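Raw contents of entry_23.txt, compact mmCIF, C-alpha atoms:
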# COMPACT_ATOMS: atom_id res chain seq x y z
CA MET A 149 109.37 88.10 148.87
CA ILE A 150 110.35 91.36 150.54
CA TYR A 151 110.48 92.99 147.09
CA TYR A 152 106.87 92.05 146.38
CA ILE A 153 105.80 93.43 149.74
CA GLY A 154 107.73 96.67 149.20
CA ALA A 155 106.47 97.16 145.66
CA LEU A 156 102.84 96.47 146.57
CA GLY A 157 103.22 98.72 149.60
CA LEU A 158 104.35 101.57 147.37
CA ILE A 159 101.47 100.97 144.96
CA PHE A 160 98.88 101.03 147.74
CA ILE A 161 100.42 104.07 149.42
CA GLY A 162 100.14 105.87 146.09
CA LEU A 163 96.55 104.72 145.60
CA PHE A 164 95.62 105.87 149.10
CA ILE A 165 97.19 109.29 148.51
CA ILE A 166 95.29 109.71 145.25
CA MET A 167 91.98 108.78 146.89
CA THR A 168 92.24 110.90 150.01
CA ARG A 169 94.17 114.07 149.16
CA HIS A 170 92.56 117.13 147.60
CA ASN A 171 95.74 118.95 146.66
CA LEU A 172 96.66 118.36 143.03
CA ILE A 173 100.42 118.37 143.64
CA LYS A 174 100.01 115.71 146.32
CA MET A 175 97.90 113.61 143.98
CA ILE A 176 100.61 113.80 141.32
CA ILE A 177 103.17 112.77 143.92
CA GLY A 178 100.94 109.80 144.74
CA LEU A 179 100.83 108.91 141.06
CA ASN A 180 104.62 109.03 140.96
CA ILE A 181 104.89 106.74 143.99
CA MET A 182 102.53 104.28 142.29
CA ASP A 183 104.67 104.44 139.16
CA THR A 184 107.78 103.58 141.18
CA GLY A 185 105.96 100.72 142.86
CA VAL A 186 104.87 99.23 139.55
CA ASN A 187 108.41 99.45 138.19
CA LEU A 188 109.84 97.77 141.29
CA PHE A 189 107.19 95.07 141.05
CA LEU A 190 107.99 94.30 137.42
CA ILE A 191 111.71 94.10 138.19
CA SER A 192 111.14 91.80 141.15
CA ILE A 193 109.09 89.40 139.01
CA GLY A 194 112.19 88.79 136.89
CA TYR A 195 114.51 88.30 139.85
CA ILE A 196 116.06 84.93 140.64
CA ARG A 197 118.03 84.13 143.76
CA LYS A 198 121.76 84.92 143.52
CA GLY A 199 121.20 86.06 139.95
CA THR A 200 123.57 88.31 138.02
CA ALA A 201 122.88 91.10 135.55
CA PRO A 202 122.01 89.80 132.05
CA ILE A 203 125.26 90.99 130.48
CA PHE A 204 127.89 88.63 129.04
CA SER A 205 130.78 90.92 129.95
CA LYS A 206 133.21 87.99 130.16
CA PRO A 207 133.11 84.75 128.19
CA GLY A 208 131.92 81.73 130.08
CA ILE A 209 129.16 83.22 132.21
CA ASN A 210 126.34 80.78 132.81
CA PRO A 211 123.12 82.19 131.31
CA GLY A 212 121.09 80.11 133.75
CA ALA A 213 122.30 82.28 136.66
CA MET A 214 121.09 85.52 135.08
CA VAL A 215 117.93 87.40 135.95
CA ASP A 216 115.14 87.69 133.40
CA PRO A 217 115.95 90.51 130.92
CA THR A 218 112.40 91.07 129.64
CA PRO A 219 110.92 93.01 132.59
CA GLN A 220 114.11 95.07 132.83
CA ALA A 221 113.71 96.07 129.20
CA LEU A 222 110.10 97.07 129.84
CA VAL A 223 110.94 99.12 132.93
CA LEU A 224 113.86 100.85 131.19
CA THR A 225 111.51 102.73 128.88
CA ALA A 226 108.72 103.03 131.44
CA ILE A 227 110.91 105.13 133.75
CA VAL A 228 111.65 107.76 131.11
CA ILE A 229 108.01 107.87 130.02
CA GLY A 230 106.96 108.22 133.66
CA VAL A 231 109.17 111.28 134.00
CA ALA A 232 107.64 112.89 130.91
CA VAL A 233 104.06 112.11 131.98
CA ILE A 234 104.64 113.47 135.48
CA ALA A 235 106.14 116.64 133.96
CA MET A 236 103.05 117.05 131.79
CA ALA A 237 100.73 116.52 134.76
CA LEU A 238 102.66 119.14 136.74
CA SER A 239 102.38 121.63 133.89
CA LEU A 240 98.61 121.07 133.81
CA ALA A 241 98.55 121.66 137.57
CA ILE A 242 100.41 124.95 137.10
CA ARG A 243 97.91 126.01 134.45
CA LEU A 244 94.96 125.11 136.70
CA TYR A 245 96.48 127.11 139.52
CA GLN A 246 96.89 130.12 137.26
CA HIS A 247 93.25 129.85 136.16
CA TYR A 248 91.52 129.14 139.47
CA GLY A 249 93.98 130.45 142.02
CA THR A 250 93.86 127.22 144.02
CA LEU A 251 95.10 123.66 143.77
CA ASN A 252 92.35 122.17 145.90
CA MET A 253 90.27 119.87 143.72
CA ARG A 254 87.09 120.38 145.77
CA LYS A 255 87.26 124.15 145.38
CA ILE A 256 88.02 123.79 141.66
CA LYS A 257 84.95 121.59 141.21
CA GLU A 258 82.74 124.14 142.95
CA GLN A 259 83.88 126.99 140.73
CA ARG A 260 82.42 127.76 137.36
CA TRP A 261 84.03 129.56 134.51
CA MET B 225 85.23 109.39 157.01
CA ARG B 226 86.57 109.66 153.50
CA LYS B 227 89.91 108.35 154.67
CA PHE B 228 88.26 105.43 156.40
CA ILE B 229 86.34 104.42 153.25
CA SER B 230 89.47 104.77 151.12
CA LEU B 231 91.40 102.64 153.60
CA ILE B 232 88.75 99.89 153.36
CA LEU B 233 88.80 100.10 149.55
CA VAL B 234 92.59 99.90 149.40
CA GLY B 235 92.44 96.99 151.83
CA ILE B 236 90.02 95.09 149.60
CA ILE B 237 92.14 95.68 146.50
CA ALA B 238 95.31 94.79 148.41
CA SER B 239 93.92 91.52 149.71
CA GLY B 240 92.71 90.56 146.23
CA ILE B 241 96.04 91.27 144.60
CA THR B 242 97.98 89.58 147.40
CA LEU B 243 95.88 86.43 147.13
CA SER B 244 96.57 86.19 143.42
CA LEU B 245 100.23 87.04 143.89
CA LEU B 246 100.78 84.24 146.38
CA LYS B 247 100.53 81.88 143.43
CA ILE B 248 103.51 83.50 141.71
CA PRO B 249 106.69 82.13 143.26
CA PHE B 250 109.43 84.62 143.99
CA GLY B 251 113.05 84.20 142.93
CA THR B 252 112.49 81.13 140.80
CA PRO B 253 113.92 80.50 137.33
CA LYS B 254 112.74 82.53 134.42
CA THR B 255 110.00 82.37 131.91
CA LYS B 256 110.52 80.61 128.59
CA VAL B 257 111.01 83.83 126.63
CA GLY B 258 113.65 85.14 129.06
CA ASN B 259 115.60 81.90 128.75
CA TYR B 260 115.38 82.09 124.97
CA TYR B 261 116.75 85.65 124.94
CA LEU B 262 119.62 84.70 127.25
CA ASN B 263 120.62 81.55 125.36
CA ARG B 264 120.27 82.81 121.80
CA GLY B 265 120.71 86.58 122.28
CA ILE B 266 124.38 86.94 121.41
CA GLU B 267 124.34 84.83 118.27
CA GLN B 268 121.13 86.42 117.01
CA THR B 269 121.80 90.08 117.76
CA GLY B 270 125.52 90.39 118.55
CA ALA B 271 124.95 92.52 121.66
CA VAL B 272 126.35 91.20 124.94
CA ASN B 273 123.92 93.27 127.00
CA ILE B 274 120.79 91.19 126.68
CA VAL B 275 118.53 93.95 127.96
CA THR B 276 119.68 96.13 125.07
CA SER B 277 119.11 93.37 122.56
CA VAL B 278 115.58 92.90 123.91
CA VAL B 279 114.84 96.63 123.84
CA LEU B 280 116.17 97.34 120.37
CA ASN B 281 116.08 94.08 118.48
CA TYR B 282 113.45 91.67 119.72
CA ARG B 283 111.10 94.44 120.82
CA GLY B 284 112.37 97.28 118.64
CA PHE B 285 108.94 98.16 117.34
CA ASP B 286 107.69 98.46 120.91
CA THR B 287 110.54 100.86 121.68
CA LEU B 288 109.57 102.97 118.68
CA GLY B 289 106.09 103.20 120.18
CA GLU B 290 107.47 104.20 123.57
CA VAL B 291 109.65 106.88 122.01
CA THR B 292 106.50 108.17 120.31
CA VAL B 293 104.67 108.27 123.66
CA LEU B 294 107.57 110.28 125.09
CA PHE B 295 107.42 112.63 122.12
CA ILE B 296 103.67 113.15 122.53
CA ALA B 297 104.05 113.84 126.27
CA ALA B 298 106.76 116.42 125.57
CA LEU B 299 104.62 117.95 122.82
CA GLY B 300 101.59 118.19 125.12
CA LEU B 301 103.72 119.80 127.79
CA GLY B 302 104.95 122.34 125.24
CA MET B 303 101.37 123.13 124.21
CA VAL B 304 100.24 123.58 127.82
CA THR B 305 103.20 125.76 128.74
CA LEU B 306 102.49 128.00 125.75
CA THR B 307 99.38 129.23 127.57
CA PHE B 308 101.21 130.10 130.79
CA LYS B 309 101.05 133.60 132.12
CA ARG B 310 104.64 134.34 132.94
CA GLU B 311 105.35 137.30 135.13
CA LYS B 312 108.69 138.95 135.46
CA ARG B 313 110.40 138.27 138.73
CA GLU B 314 113.62 139.56 140.16
CA ILE B 315 116.14 136.73 140.13
CA GLN B 316 119.42 137.17 141.87
CA PRO B 317 122.30 136.39 139.49
CA SER B 318 124.31 133.35 140.48
CA SER B 319 127.74 133.84 141.99
CA PHE B 320 130.94 133.63 140.00
CA ILE B 321 132.02 130.26 141.42
CA LEU B 322 128.62 128.67 140.75
CA SER B 323 128.38 129.85 137.16
CA VAL B 324 131.99 129.01 136.27
CA GLY B 325 131.79 125.67 138.06
CA SER B 326 128.63 124.59 136.29
CA ARG B 327 130.04 125.72 132.94
CA PHE B 328 133.18 123.68 133.72
CA LEU B 329 131.19 120.55 134.60
CA PHE B 330 128.81 120.75 131.63
CA PRO B 331 131.08 119.21 128.92
CA PHE B 332 132.06 116.36 131.24
CA ILE B 333 128.42 115.54 131.89
CA LEU B 334 127.80 115.53 128.14
CA LEU B 335 130.82 113.27 127.66
CA PHE B 336 129.60 110.85 130.31
CA GLY B 337 126.12 110.73 128.80
CA THR B 338 127.63 110.05 125.37
CA TYR B 339 129.75 107.27 126.85
CA ILE B 340 126.66 105.72 128.43
CA PHE B 341 124.67 105.62 125.22
CA LEU B 342 127.58 104.60 122.99
CA HIS B 343 128.30 101.58 125.18
CA GLY B 344 124.67 100.58 125.56
CA HIS B 345 125.24 97.20 123.92
CA LEU B 346 128.29 96.38 126.08
CA SER B 347 127.62 97.63 129.58
CA PRO B 348 124.66 98.75 131.69
CA GLY B 349 123.26 101.83 130.06
CA GLY B 350 121.83 102.91 126.77
CA GLY B 351 120.04 105.69 124.97
CA PHE B 352 117.39 106.41 127.59
CA GLN B 353 119.84 106.60 130.47
CA GLY B 354 122.45 108.55 128.51
CA GLY B 355 119.78 110.97 127.32
CA ALA B 356 118.63 111.54 130.89
CA ILE B 357 122.23 112.28 131.95
CA ILE B 358 122.64 114.78 129.10
CA ALA B 359 119.39 116.49 130.12
CA SER B 360 120.71 116.74 133.69
CA GLY B 361 123.70 118.65 132.27
CA PHE B 362 121.30 121.11 130.65
CA LEU B 363 119.42 121.41 133.94
CA LEU B 364 122.71 122.34 135.63
CA ILE B 365 123.29 125.06 133.04
CA TYR B 366 119.76 126.41 133.46
CA LEU B 367 120.03 126.55 137.24
CA GLY B 368 123.69 127.45 137.61
CA CYS B 369 124.23 130.21 135.10
CA LYS B 370 121.72 132.23 133.21
CA ARG B 371 122.28 131.46 129.60
CA GLU B 372 120.02 131.56 126.61
CA ILE B 373 119.75 128.14 125.03
CA ASN B 374 118.27 127.91 121.58
CA GLU B 375 115.19 125.74 121.98
CA LYS B 376 114.64 125.45 118.25
CA ARG B 377 117.81 123.37 118.10
CA PHE B 378 116.37 121.03 120.72
CA LYS B 379 113.31 120.51 118.55
CA LEU B 380 115.48 120.03 115.46
CA THR B 381 117.73 117.46 117.16
CA GLU B 382 114.74 115.62 118.52
CA SER B 383 112.97 115.40 115.17
CA LEU B 384 116.12 114.40 113.30
CA ALA B 385 116.93 111.67 115.83
CA GLY B 386 113.41 110.29 115.61
CA LEU B 387 113.70 110.33 111.82
CA VAL B 388 117.00 108.44 111.98
CA PHE B 389 115.33 105.72 114.07
CA LEU B 390 112.54 105.37 111.50
CA ILE B 391 114.92 105.44 108.53
CA ILE B 392 117.07 102.67 110.05
CA GLY B 393 113.91 100.63 110.52
CA LEU B 394 112.81 101.25 106.94
CA MET B 395 116.28 100.34 105.67
CA GLY B 396 115.85 96.99 107.39
CA LEU B 397 112.54 96.64 105.56
CA TYR B 398 114.22 97.48 102.27
CA PHE B 399 117.28 95.26 102.60
CA SER B 400 115.91 92.25 104.41
CA GLY B 401 112.16 92.40 104.28
CA TYR B 402 111.46 93.12 107.96
CA PHE B 403 110.98 96.44 109.71
CA LEU B 404 113.92 97.16 112.08
CA PHE B 405 115.80 94.10 110.84
CA ASN B 406 119.46 93.95 111.91
CA PHE B 407 120.89 94.18 108.40
CA LEU B 408 124.43 95.30 109.28
CA PRO B 409 127.16 92.72 110.04
CA LYS B 410 127.12 91.73 113.70
CA GLY B 411 130.90 91.77 114.20
CA VAL B 412 132.80 90.30 117.11
CA ALA B 413 130.79 90.29 120.32
CA ASN B 414 132.00 92.45 123.22
CA THR B 415 133.68 95.06 121.00
CA LEU B 416 132.51 98.61 120.39
CA PHE B 417 131.78 98.11 116.69
CA SER B 418 129.45 95.16 116.97
CA ALA B 419 125.77 94.32 117.08
CA GLY B 420 124.86 95.90 113.74
CA ILE B 421 122.18 98.57 113.98
CA ILE B 422 121.80 98.48 117.77
CA PRO B 423 124.45 101.15 118.58
CA LEU B 424 123.16 103.36 115.75
CA ILE B 425 119.61 103.27 117.08
CA TYR B 426 120.82 103.88 120.62
CA ILE B 427 122.77 106.95 119.48
CA ALA B 428 119.58 108.27 117.88
CA ILE B 429 117.56 107.51 121.02
CA GLY B 430 120.22 109.14 123.20
CA PHE B 431 120.02 112.38 121.23
CA LYS B 432 116.24 112.23 121.12
CA VAL B 433 115.71 111.61 124.83
CA GLY B 434 118.37 114.15 125.78
CA ALA B 435 116.83 116.86 123.60
CA GLU B 436 113.32 115.97 124.73
CA LEU B 437 114.03 116.07 128.47
CA ALA B 438 116.09 119.24 128.06
CA GLY B 439 113.15 120.72 126.16
CA ILE B 440 110.83 119.74 129.04
CA ILE B 441 113.16 121.50 131.48
CA ASN B 442 113.22 124.53 129.18
CA ASP B 443 109.43 124.59 128.99
CA LEU B 444 109.03 124.41 132.75
CA MET B 445 111.47 127.25 133.45
CA GLU B 446 109.64 130.06 135.12
CA GLU B 447 111.12 132.78 133.02
CA LYS B 448 112.32 132.66 129.47
Can you dump the structure from the file as structure tokens?
Amino acid sequence: MIYYIGALGLIFIGLFIIMTRHNLIKMIIGLNIMDTGVNLFLISIGYIRKGTAPIFSKPGINPGAMVDPTPQALVLTAIVIGVAVIAMALSLAIRLYQHYGTLNMRKIKEQRW
Amino acid sequence: MRKFISLILVGIIASGITLSLLKIPFGTPKTKVGNYYLNRGIEQTGAVNIVTSVVLNYRGFDTLGEVTVLFIAALGLGMVTLTFKREKREIQPSSFILSVGSRFLFPFILLFGTYIFLHGHLSPGGGFQGGAIIASGFLLIYLGCKREINEKRFKLTESLAGLVFLIIGLMGLYFSGYFLFNFLPKGVANTLFSAGIIPLIYIAIGFKVGAELAGIINDLMEEK
């Protein structure tokens, strides 16, 4: 249960950051925190008590004692994609800063080209 | 005021999600599909790491899509960074120990990343993780010692690796009638040469992810 609480906590912290901050970098950090929370949540759905990793490294391991491999497989790719998406968002933030001279979203909205 | 409203909004969403989540029991036995993968995985795919067999065999098409998403993100980043105004800045050259040390560590990092993605079907690891480790080696080179790295080769490696993934999938279509079908012999489980096409695809993914993340690092460098 503590995993659910932690994962949801991370998701809501990220959501709160995105809604309240005006600095673009901080918003991207909030997005990243949300990403981590979602990954942790997916992993914790597949968890079973006293479960082992889903790898038959030795013969004779009981498959019933293993955790669910499906969410792990989903999260595996989601982490790498998260890194790439965050990198792209940061590059857009750099470009915005070079154009407007500020990272504050309110000031950017006020400005015109 | 804005913070207060956001707090109330987050509270409403949180209570809604928590109420629905209370119905999902925690730490209980798996879903049907997870049990199926665990019970039949080895005989059907030949890989002892069930996560790998799910990623590359049962959901191989999905992984192809995810690799494409990664490619598009890296491509978009490259397009955005093309428009950067880069100004020359004085950068202090790194010290002798730092540059020699990072150059000494670089091949070992590459070796470790290769080990991780070669043994993806036997132990925890795989193409995505190994690729990320290889990219971290390139990051060390970029930060530790100033060295020109040919970015065209990154692009070439990335495209070739993606092509290999597709060609293996199409070969499955040609030989057995299904895209990404495991047409090679599965071999003895728990040995390096087993699991048919899974290690081949993971090698391709390892190269692709490594080159892609290294290319992202290269794009984000302040000075080229």
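Shortest separation to Phe332 of chain B among B:Ile358, B:Leu262, B:Ala271, B:Ala435 occurs at residue B:Ile358, atoms counted being all atoms listed in the file.
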Counting all atoms listed in the file, which residues of chain A come no farther than 7 Å from chain B, as a ChimeraX atom specification? /A:149,160,164,167-168,193-197,202-205,211,216-218,220-221,225,228-229,232-233,236,239-240,243
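The smallest atom-to-atom distance between Leu222 of chain A and any of A:Asp183, A:Gly178, A:Leu190, A:Gly154, using all atoms listed in the file, is found for A:Leu190.
Within a radius of 7 Å around (123.6, 89.3, 137.9), the polymer residues are A:Gly199, A:Thr200, A:Ala201, A:Pro202, A:Met214, A:Val215, counting only C-alpha atoms.
Across the model, the gap from atom CA of Gly354 of chain B to atom CA of Gly337 of chain B is 4.3 Å.
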Measure the distance from atom CA of Ser326 of chain B to atom CA of Met445 of chain B in Å and round it to one decimal. 17.6 Å
In Å, with one decimal, what is the gap from atom CA of Gly185 of chain A to atom CA of His170 of chain A? 21.7 Å
For Gly361 of chain B, work out the shell of residues within 8 Å, counting all atoms listed in the file and skipping chain neighbours fewer than 5 positions away, then give it as a PyMOL selection string. chain B and resi 330+333-334
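Closest to Asn171 of chain A among A:Lys255, A:Val223, A:Ala213, A:Val231 is A:Lys255, based on all atoms listed in the file.
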Considering only C-alpha atoms, state which residue in the set B:Leu243, B:Ile236, B:Ser418, B:Ala438 is at the smallest distance from Ile357 of chain B. B:Ala438
